[in-house]
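A short worksheet on the structure shown next.
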Amino acid sequence: MAQELVVIKGAGDLASGVAHRLHQSGFQVIMTEIPRPTVIRRAVAFAEAVYSGEITVEGVTARLVSDPEGALRVTWQGEVAVLVDPRAEVIAALKPRVVVDAILAKTNLGTRIDQAPIVIALGPGFTAGTDAHAVIETQRGHYLGRVIWQGAAAANTGMPGEVMGYREERVLRAPAAGIFKSCKAIGDPVKAGEMVATVNGVPLRAQIGGVLRGVLHDGLEVTAGQKAGDVDPRGERDYCFTISDKARAIGGGVLEAILHLKDYIS
């Protein structure tokens, strides 16, 4: 079983797209998270299990567990395990065949190429052949999902991806520091100028119309300007509850890298 075990660091929406693809391909998947995840696309992020105990995304259920042994039991039952483990200590405890750094921090927070027989990292901040055996391109465009065997992914642009001509306008940012509270649920329609949330009573208003594709969990403490939500101008409610094209492409890249490496790395 250990030869099929994958530990994914991070359980946001992109990490969850990877986890979903690997789970559907027959791997046992354990994901690690921080105690209070700041995930935006919570409806398609297995990190939400930290708050709710479990979440199902496109037919795959992720369940919160308290220890490595519980995580293994959950994977044997055909589900994804989520463990609050900011330092990913489960890697040393269970010695998985594969480790995937899917934190998307744009920098390496401690992943090493010797942590597992196969180590894969997503996006900028890693060098293939040094930090990981392979790096997966996460920047939208022609090379999204490409497996990089030498070198690094494209540098972070700091700009949100374009949807119907909108970039930064799509993003909801905290208007002040304090405690976040949403007024809308994921999937709700919103209009330009409409209040979507508050931070210590200060209103956060949408810049454009569409549907609320993602929003922070209530009760989180935020800083002024922090990303707190995402409006999708396409207005397709189903998109809020299904894995994105970007996450699917990245998941395919991770699967390709594993299958390529499994016969070459012991």
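Residue numbers start at 1 in each chain; chains themselves are named A, B, ... in the order of the structure tokens; ligands are numbered from 1 in the order shown.
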
Using only C-alpha atoms, determine which residues lie at most 10 Å from Gly12 (chain A), disregarding the query and same-chain residues fewer than 2 positions distant; provide the list as a count of residues only. 23

Which neighbours of Pro189 (chain A) fall inside 7 Å, counting only C-alpha atoms, when residues of the same chain fewer than 3 positions from it are skipped, and could you give them as a PyMOL selection string? chain A and resi 210-212

Excluding same-chain residues fewer than 4 positions from Val190 (chain A), what lies within 9 Å of it counting only C-alpha atoms, as a ChimeraX atom specification? /A:184,194-196,206,208-212,231

Using only C-alpha atoms, which of A:Gln150, A:Val82, A:Trp76, A:Leu22 sits nearest Val100 (chain A)?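 Among A:Gln150, A:Val82, A:Trp76, A:Leu22, it is A:Leu22 that comes nearest to Val100 (chain A).
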
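DSSP on the backbone gives strand (DSSP E or B) for these parts of region 107-191 of chain A: Ile118, Val119, Ile120, Ala121, Leu122, Ala128, Ala132, Ala134, Val135, Ile136, Val147, Ile148, Gly151, Val163, Tyr166, Val171, Leu172, Arg173, Gly178, Ile179, Phe180, Lys181, Ser182, Pro189 and Val190 of chain A.
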
Those residues you just picked out, can you put them in a file as a compact mmCIF listing (two decimals), in the first residue's frame with N, CA, C and O atoms?
# COMPACT_ATOMS: atom_id res chain seq x y z
N ILE A 118 9.70 9.88 -5.04
CA ILE A 118 9.24 10.80 -6.08
C ILE A 118 8.73 12.07 -5.41
O ILE A 118 7.81 12.01 -4.59
N VAL A 119 9.33 13.19 -5.72
CA VAL A 119 8.92 14.48 -5.17
C VAL A 119 8.59 15.42 -6.33
O VAL A 119 9.41 15.62 -7.23
N ILE A 120 7.39 15.98 -6.29
CA ILE A 120 6.91 16.87 -7.35
C ILE A 120 6.45 18.16 -6.71
O ILE A 120 5.82 18.15 -5.64
N ALA A 121 6.73 19.28 -7.35
CA ALA A 121 6.34 20.58 -6.81
C ALA A 121 5.57 21.38 -7.86
O ALA A 121 5.85 21.26 -9.06
N LEU A 122 4.63 22.18 -7.41
CA LEU A 122 3.81 22.98 -8.31
C LEU A 122 4.24 24.43 -8.32
O LEU A 122 4.36 25.05 -7.26
N ALA A 128 13.55 21.99 -10.65
CA ALA A 128 13.54 20.56 -10.93
C ALA A 128 14.96 20.03 -10.97
O ALA A 128 15.85 20.64 -11.57
N ALA A 132 13.06 19.20 -6.31
CA ALA A 132 12.09 18.15 -6.61
C ALA A 132 12.53 17.43 -7.88
O ALA A 132 13.32 17.97 -8.66
N ALA A 134 10.50 16.77 -10.31
CA ALA A 134 9.79 17.44 -11.40
C ALA A 134 9.02 18.62 -10.85
O ALA A 134 8.58 18.61 -9.69
N VAL A 135 8.85 19.64 -11.68
CA VAL A 135 8.06 20.82 -11.35
C VAL A 135 6.95 20.94 -12.39
O VAL A 135 7.19 20.70 -13.58
N ILE A 136 5.75 21.33 -11.96
CA ILE A 136 4.62 21.45 -12.87
C ILE A 136 4.31 22.94 -13.08
O ILE A 136 4.19 23.69 -12.12
N VAL A 147 5.17 19.33 -17.61
CA VAL A 147 6.13 18.77 -16.66
C VAL A 147 7.52 19.31 -16.99
O VAL A 147 7.99 19.19 -18.12
N ILE A 148 8.16 19.90 -16.00
CA ILE A 148 9.50 20.48 -16.16
C ILE A 148 10.49 19.55 -15.46
O ILE A 148 10.37 19.29 -14.25
N GLY A 151 15.15 22.89 -14.36
CA GLY A 151 14.82 24.31 -14.27
C GLY A 151 13.55 24.56 -13.48
O GLY A 151 13.08 23.71 -12.73
N VAL A 163 -10.40 36.54 -17.08
CA VAL A 163 -11.68 35.90 -17.40
C VAL A 163 -12.58 36.97 -18.00
O VAL A 163 -12.90 37.96 -17.35
N TYR A 166 -11.47 40.50 -17.52
CA TYR A 166 -11.28 40.99 -16.16
C TYR A 166 -10.14 40.26 -15.48
O TYR A 166 -10.00 39.04 -15.61
N VAL A 171 -11.22 40.03 -8.22
CA VAL A 171 -10.78 39.66 -6.88
C VAL A 171 -11.45 40.56 -5.83
O VAL A 171 -11.49 41.78 -5.97
N LEU A 172 -11.94 39.93 -4.78
CA LEU A 172 -12.47 40.66 -3.62
C LEU A 172 -11.36 40.73 -2.58
O LEU A 172 -10.82 39.70 -2.18
N ARG A 173 -11.05 41.94 -2.15
CA ARG A 173 -9.97 42.12 -1.17
C ARG A 173 -10.51 42.78 0.09
O ARG A 173 -11.38 43.66 0.03
N GLY A 178 -9.18 42.78 10.29
CA GLY A 178 -10.17 42.40 11.29
C GLY A 178 -10.78 41.05 11.00
O GLY A 178 -10.18 40.21 10.31
N ILE A 179 -11.98 40.83 11.50
CA ILE A 179 -12.66 39.54 11.39
C ILE A 179 -13.59 39.56 10.18
O ILE A 179 -14.42 40.45 10.03
N PHE A 180 -13.45 38.54 9.35
CA PHE A 180 -14.19 38.46 8.09
C PHE A 180 -15.54 37.78 8.30
O PHE A 180 -15.64 36.78 9.00
N LYS A 181 -16.58 38.35 7.65
CA LYS A 181 -17.91 37.73 7.67
C LYS A 181 -18.57 37.95 6.32
O LYS A 181 -18.75 39.08 5.88
N SER A 182 -18.96 36.86 5.66
CA SER A 182 -19.58 36.96 4.34
C SER A 182 -21.07 37.23 4.47
O SER A 182 -21.72 36.82 5.44
N PRO A 189 -25.57 34.91 -7.09
CA PRO A 189 -25.32 36.00 -8.04
C PRO A 189 -24.98 37.28 -7.30
O PRO A 189 -25.48 37.53 -6.19
N VAL A 190 -24.10 38.08 -7.88
CA VAL A 190 -23.75 39.39 -7.30
C VAL A 190 -23.76 40.45 -8.39
O VAL A 190 -23.55 40.15 -9.57

Within 9 Å of Leu94 (chain A), counting only C-alpha atoms, which residues show up once you throw out same-chain ones fewer than 6 positions away? Write them as a PDB file with N, CA, C and O atoms, in the first residue's frame, please.
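Output file part.pdb is given in full below:
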ATOM      1  N   ALA A   2       2.006   1.209   0.724  1.00  0.00           N
ATOM      2  CA  ALA A   2       2.850   2.387   0.820  1.00  0.00           C
ATOM      3  C   ALA A   2       3.384   2.813  -0.537  1.00  0.00           C
ATOM      4  O   ALA A   2       3.652   3.980  -0.769  1.00  0.00           O
ATOM      5  N   LEU A   5       0.975   5.233  -1.989  1.00  0.00           N
ATOM      6  CA  LEU A   5       0.574   6.336  -1.131  1.00  0.00           C
ATOM      7  C   LEU A   5       1.191   7.649  -1.597  1.00  0.00           C
ATOM      8  O   LEU A   5       2.386   7.726  -1.875  1.00  0.00           O
ATOM      9  N   PRO A  68      -1.710  10.003  11.626  1.00  0.00           N
ATOM     10  CA  PRO A  68      -1.326   9.254  10.432  1.00  0.00           C
ATOM     11  C   PRO A  68      -2.049   7.914  10.299  1.00  0.00           C
ATOM     12  O   PRO A  68      -2.407   7.510   9.190  1.00  0.00           O
ATOM     13  N   GLU A  69      -2.265   7.225  11.422  1.00  0.00           N
ATOM     14  CA  GLU A  69      -2.947   5.929  11.351  1.00  0.00           C
ATOM     15  C   GLU A  69      -4.384   6.110  10.872  1.00  0.00           C
ATOM     16  O   GLU A  69      -4.891   5.332  10.048  1.00  0.00           O
ATOM     17  N   LEU A  72      -4.401   6.690   7.116  1.00  0.00           N
ATOM     18  CA  LEU A  72      -4.295   5.450   6.342  1.00  0.00           C
ATOM     19  C   LEU A  72      -5.625   4.713   6.285  1.00  0.00           C
ATOM     20  O   LEU A  72      -6.025   4.207   5.236  1.00  0.00           O
TER      21      LEU A  72
END

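For Gly70 (chain A), the list of residues within 12 Å, based on only C-alpha atoms and with local chain neighbours fewer than 6 positions off taken out, reads A:Ile30, A:Arg63, A:Leu64, A:Trp76, A:Gln77, A:Glu79, A:Val80, A:Ala81, A:Val82, A:Leu83, A:Val90, A:Leu94.
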
Just all heavy atoms for this one: save the residues we selected as a compact mmCIF listing (two decimals), in the first residue's frame.
# COMPACT_ATOMS: atom_id res chain seq x y z
N ILE A 30 -3.25 11.38 0.93
CA ILE A 30 -3.33 12.10 2.20
C ILE A 30 -2.91 13.54 1.94
O ILE A 30 -1.90 13.78 1.28
CB ILE A 30 -2.42 11.47 3.26
CG1 ILE A 30 -2.86 10.04 3.58
CG2 ILE A 30 -2.40 12.31 4.54
CD1 ILE A 30 -1.90 9.29 4.49
N ARG A 63 -11.97 13.44 4.14
CA ARG A 63 -12.39 13.37 5.54
C ARG A 63 -11.25 13.83 6.45
O ARG A 63 -10.08 13.45 6.26
CB ARG A 63 -12.78 11.94 5.89
CG ARG A 63 -13.47 11.78 7.23
CD ARG A 63 -14.01 10.37 7.40
NE ARG A 63 -14.93 10.02 6.32
CZ ARG A 63 -16.22 10.38 6.28
NH1 ARG A 63 -16.72 11.12 7.24
NH2 ARG A 63 -16.98 10.00 5.26
N LEU A 64 -11.58 14.65 7.43
CA LEU A 64 -10.60 15.13 8.41
C LEU A 64 -10.24 13.99 9.36
O LEU A 64 -11.12 13.29 9.87
CB LEU A 64 -11.17 16.31 9.20
CG LEU A 64 -10.24 16.94 10.23
CD1 LEU A 64 -9.04 17.59 9.56
CD2 LEU A 64 -11.00 17.96 11.08
N TRP A 76 -7.73 3.66 2.91
CA TRP A 76 -8.10 2.27 2.63
C TRP A 76 -9.60 2.13 2.39
O TRP A 76 -10.04 1.19 1.72
CB TRP A 76 -7.67 1.37 3.79
CG TRP A 76 -6.18 1.23 3.91
CD1 TRP A 76 -5.24 1.42 2.93
CD2 TRP A 76 -5.45 0.88 5.09
NE1 TRP A 76 -3.98 1.23 3.42
CE2 TRP A 76 -4.06 0.89 4.75
CE3 TRP A 76 -5.80 0.59 6.39
CZ2 TRP A 76 -3.07 0.60 5.66
CZ3 TRP A 76 -4.81 0.30 7.31
CH2 TRP A 76 -3.46 0.30 6.94
N GLN A 77 -10.37 3.05 2.95
CA GLN A 77 -11.82 3.05 2.75
C GLN A 77 -12.24 3.73 1.44
O GLN A 77 -13.42 3.84 1.15
CB GLN A 77 -12.51 3.73 3.93
CG GLN A 77 -12.37 2.97 5.24
CD GLN A 77 -12.73 3.80 6.45
OE1 GLN A 77 -13.19 4.94 6.34
NE2 GLN A 77 -12.52 3.24 7.63
N GLU A 79 -11.39 6.97 0.48
CA GLU A 79 -11.56 8.42 0.58
C GLU A 79 -10.20 9.10 0.67
O GLU A 79 -9.17 8.45 0.87
CB GLU A 79 -12.41 8.77 1.80
CG GLU A 79 -13.83 8.21 1.73
CD GLU A 79 -14.65 8.53 2.95
OE1 GLU A 79 -14.07 8.73 4.04
OE2 GLU A 79 -15.89 8.57 2.83
N VAL A 80 -10.21 10.40 0.51
CA VAL A 80 -9.01 11.22 0.69
C VAL A 80 -8.95 11.64 2.16
O VAL A 80 -9.97 12.04 2.75
CB VAL A 80 -9.06 12.46 -0.22
CG1 VAL A 80 -7.92 13.43 0.12
CG2 VAL A 80 -8.98 12.04 -1.69
N ALA A 81 -7.78 11.55 2.75
CA ALA A 81 -7.60 11.96 4.15
C ALA A 81 -7.01 13.36 4.21
O ALA A 81 -6.10 13.70 3.45
CB ALA A 81 -6.69 10.98 4.87
N VAL A 82 -7.53 14.17 5.13
CA VAL A 82 -7.00 15.52 5.37
C VAL A 82 -6.52 15.58 6.81
O VAL A 82 -7.28 15.27 7.74
CB VAL A 82 -8.07 16.60 5.11
CG1 VAL A 82 -7.51 17.99 5.42
CG2 VAL A 82 -8.56 16.53 3.67
N LEU A 83 -5.30 16.00 6.98
CA LEU A 83 -4.65 16.01 8.29
C LEU A 83 -4.13 17.42 8.57
O LEU A 83 -3.44 18.00 7.74
CB LEU A 83 -3.49 15.01 8.28
CG LEU A 83 -2.76 14.68 9.57
CD1 LEU A 83 -3.69 13.99 10.57
CD2 LEU A 83 -1.57 13.77 9.27
N VAL A 90 3.68 13.87 8.68
CA VAL A 90 3.17 12.58 8.24
C VAL A 90 4.09 11.94 7.21
O VAL A 90 4.12 10.71 7.07
CB VAL A 90 1.74 12.74 7.66
CG1 VAL A 90 1.76 13.52 6.35
CG2 VAL A 90 1.08 11.39 7.45
N LEU A 94 4.93 8.00 7.63
CA LEU A 94 4.37 6.98 6.74
C LEU A 94 5.25 6.65 5.53
O LEU A 94 5.00 5.67 4.84
CB LEU A 94 2.99 7.43 6.25
CG LEU A 94 1.92 7.57 7.33
CD1 LEU A 94 0.59 7.93 6.69
CD2 LEU A 94 1.79 6.30 8.15

So what do you get for CA of Val29 (chain A) versus CA of Tyr239 (chain A), distance-wise? 24.3 Å

Please identify the alpha helix (DSSP H) residues within region 188-262 of chain A (assignment by DSSP from backbone atoms) and present them as a ChimeraX atom specification. /A:245-261

Rank A:Gln226, A:Gln24, A:Gln139, A:Thr32 by their smallest atom-to-atom distance to Ala152 (chain A), using only C-alpha atoms, and report the top residue only.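 Closest residue, counting only C-alpha atoms: A:Gln139.
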
Residue nearest Ala247 (chain A) among A:Ile34, A:Val222, A:Val65, A:Leu144 (counting only C-alpha atoms):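 Result for the nearest residue to Ala247 (chain A): A:Leu144.
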
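You can rank A:Gly158, A:Pro175, A:Gly253, A:Gly110 by their closest distance to Gly201 (chain A) using only C-alpha atoms, and at the top of that list sits A:Pro175.
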
Quick one: distance from CA of Arg112 (chain A) to CA of Pro96 (chain A) in Å, one decimal?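 Calculated distance between CA of Arg112 (chain A) and CA of Pro96 (chain A) is 13.7 Å.
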
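Using only C-alpha atoms, the protein and nucleic acid residues lying no more than 9 Å from Lys106 (chain A), apart from those fewer than 2 places from it along its own chain, are Ile103, Leu104, Asn108, Leu122, Gly123, Pro124, Gly125, Phe126, Ala155 and Asn156 of chain A.
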
Writer output for current selection, C-alpha atoms, as a PDB file, in the first residue's frame:
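The file below, result-v8.pdb, is the result:
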ATOM      1  CA  ILE A 103       0.969  24.802  -1.266  1.00  0.00           C
ATOM      2  CA  LEU A 104       1.414  27.339  -4.081  1.00  0.00           C
ATOM      3  CA  ASN A 108       9.870  26.577  -1.185  1.00  0.00           C
ATOM      4  CA  LEU A 122       3.806  22.977  -8.313  1.00  0.00           C
ATOM      5  CA  GLY A 123       4.665  26.384  -9.691  1.00  0.00           C
ATOM      6  CA  PRO A 124       7.444  28.900  -9.070  1.00  0.00           C
ATOM      7  CA  GLY A 125       9.875  28.681  -6.164  1.00  0.00           C
ATOM      8  CA  PHE A 126      11.274  25.244  -7.026  1.00  0.00           C
ATOM      9  CA  ALA A 155       7.892  33.422 -12.372  1.00  0.00           C
ATOM     10  CA  ASN A 156       4.829  34.667 -10.524  1.00  0.00           C
TER      11      ASN A 156
END

Option closest in space to His133 (chain A), from A:Gly225, A:Gly219, A:Pro117, A:Gly193 [counting only C-alpha atoms]: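 Closest to His133 (chain A), using only C-alpha atoms: A:Pro117.
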
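Distances to Ser52 (chain A) were evaluated for A:Glu168, A:Arg36, A:Ala224, A:Cys183 using only C-alpha atoms, and the minimum falls at A:Arg36.
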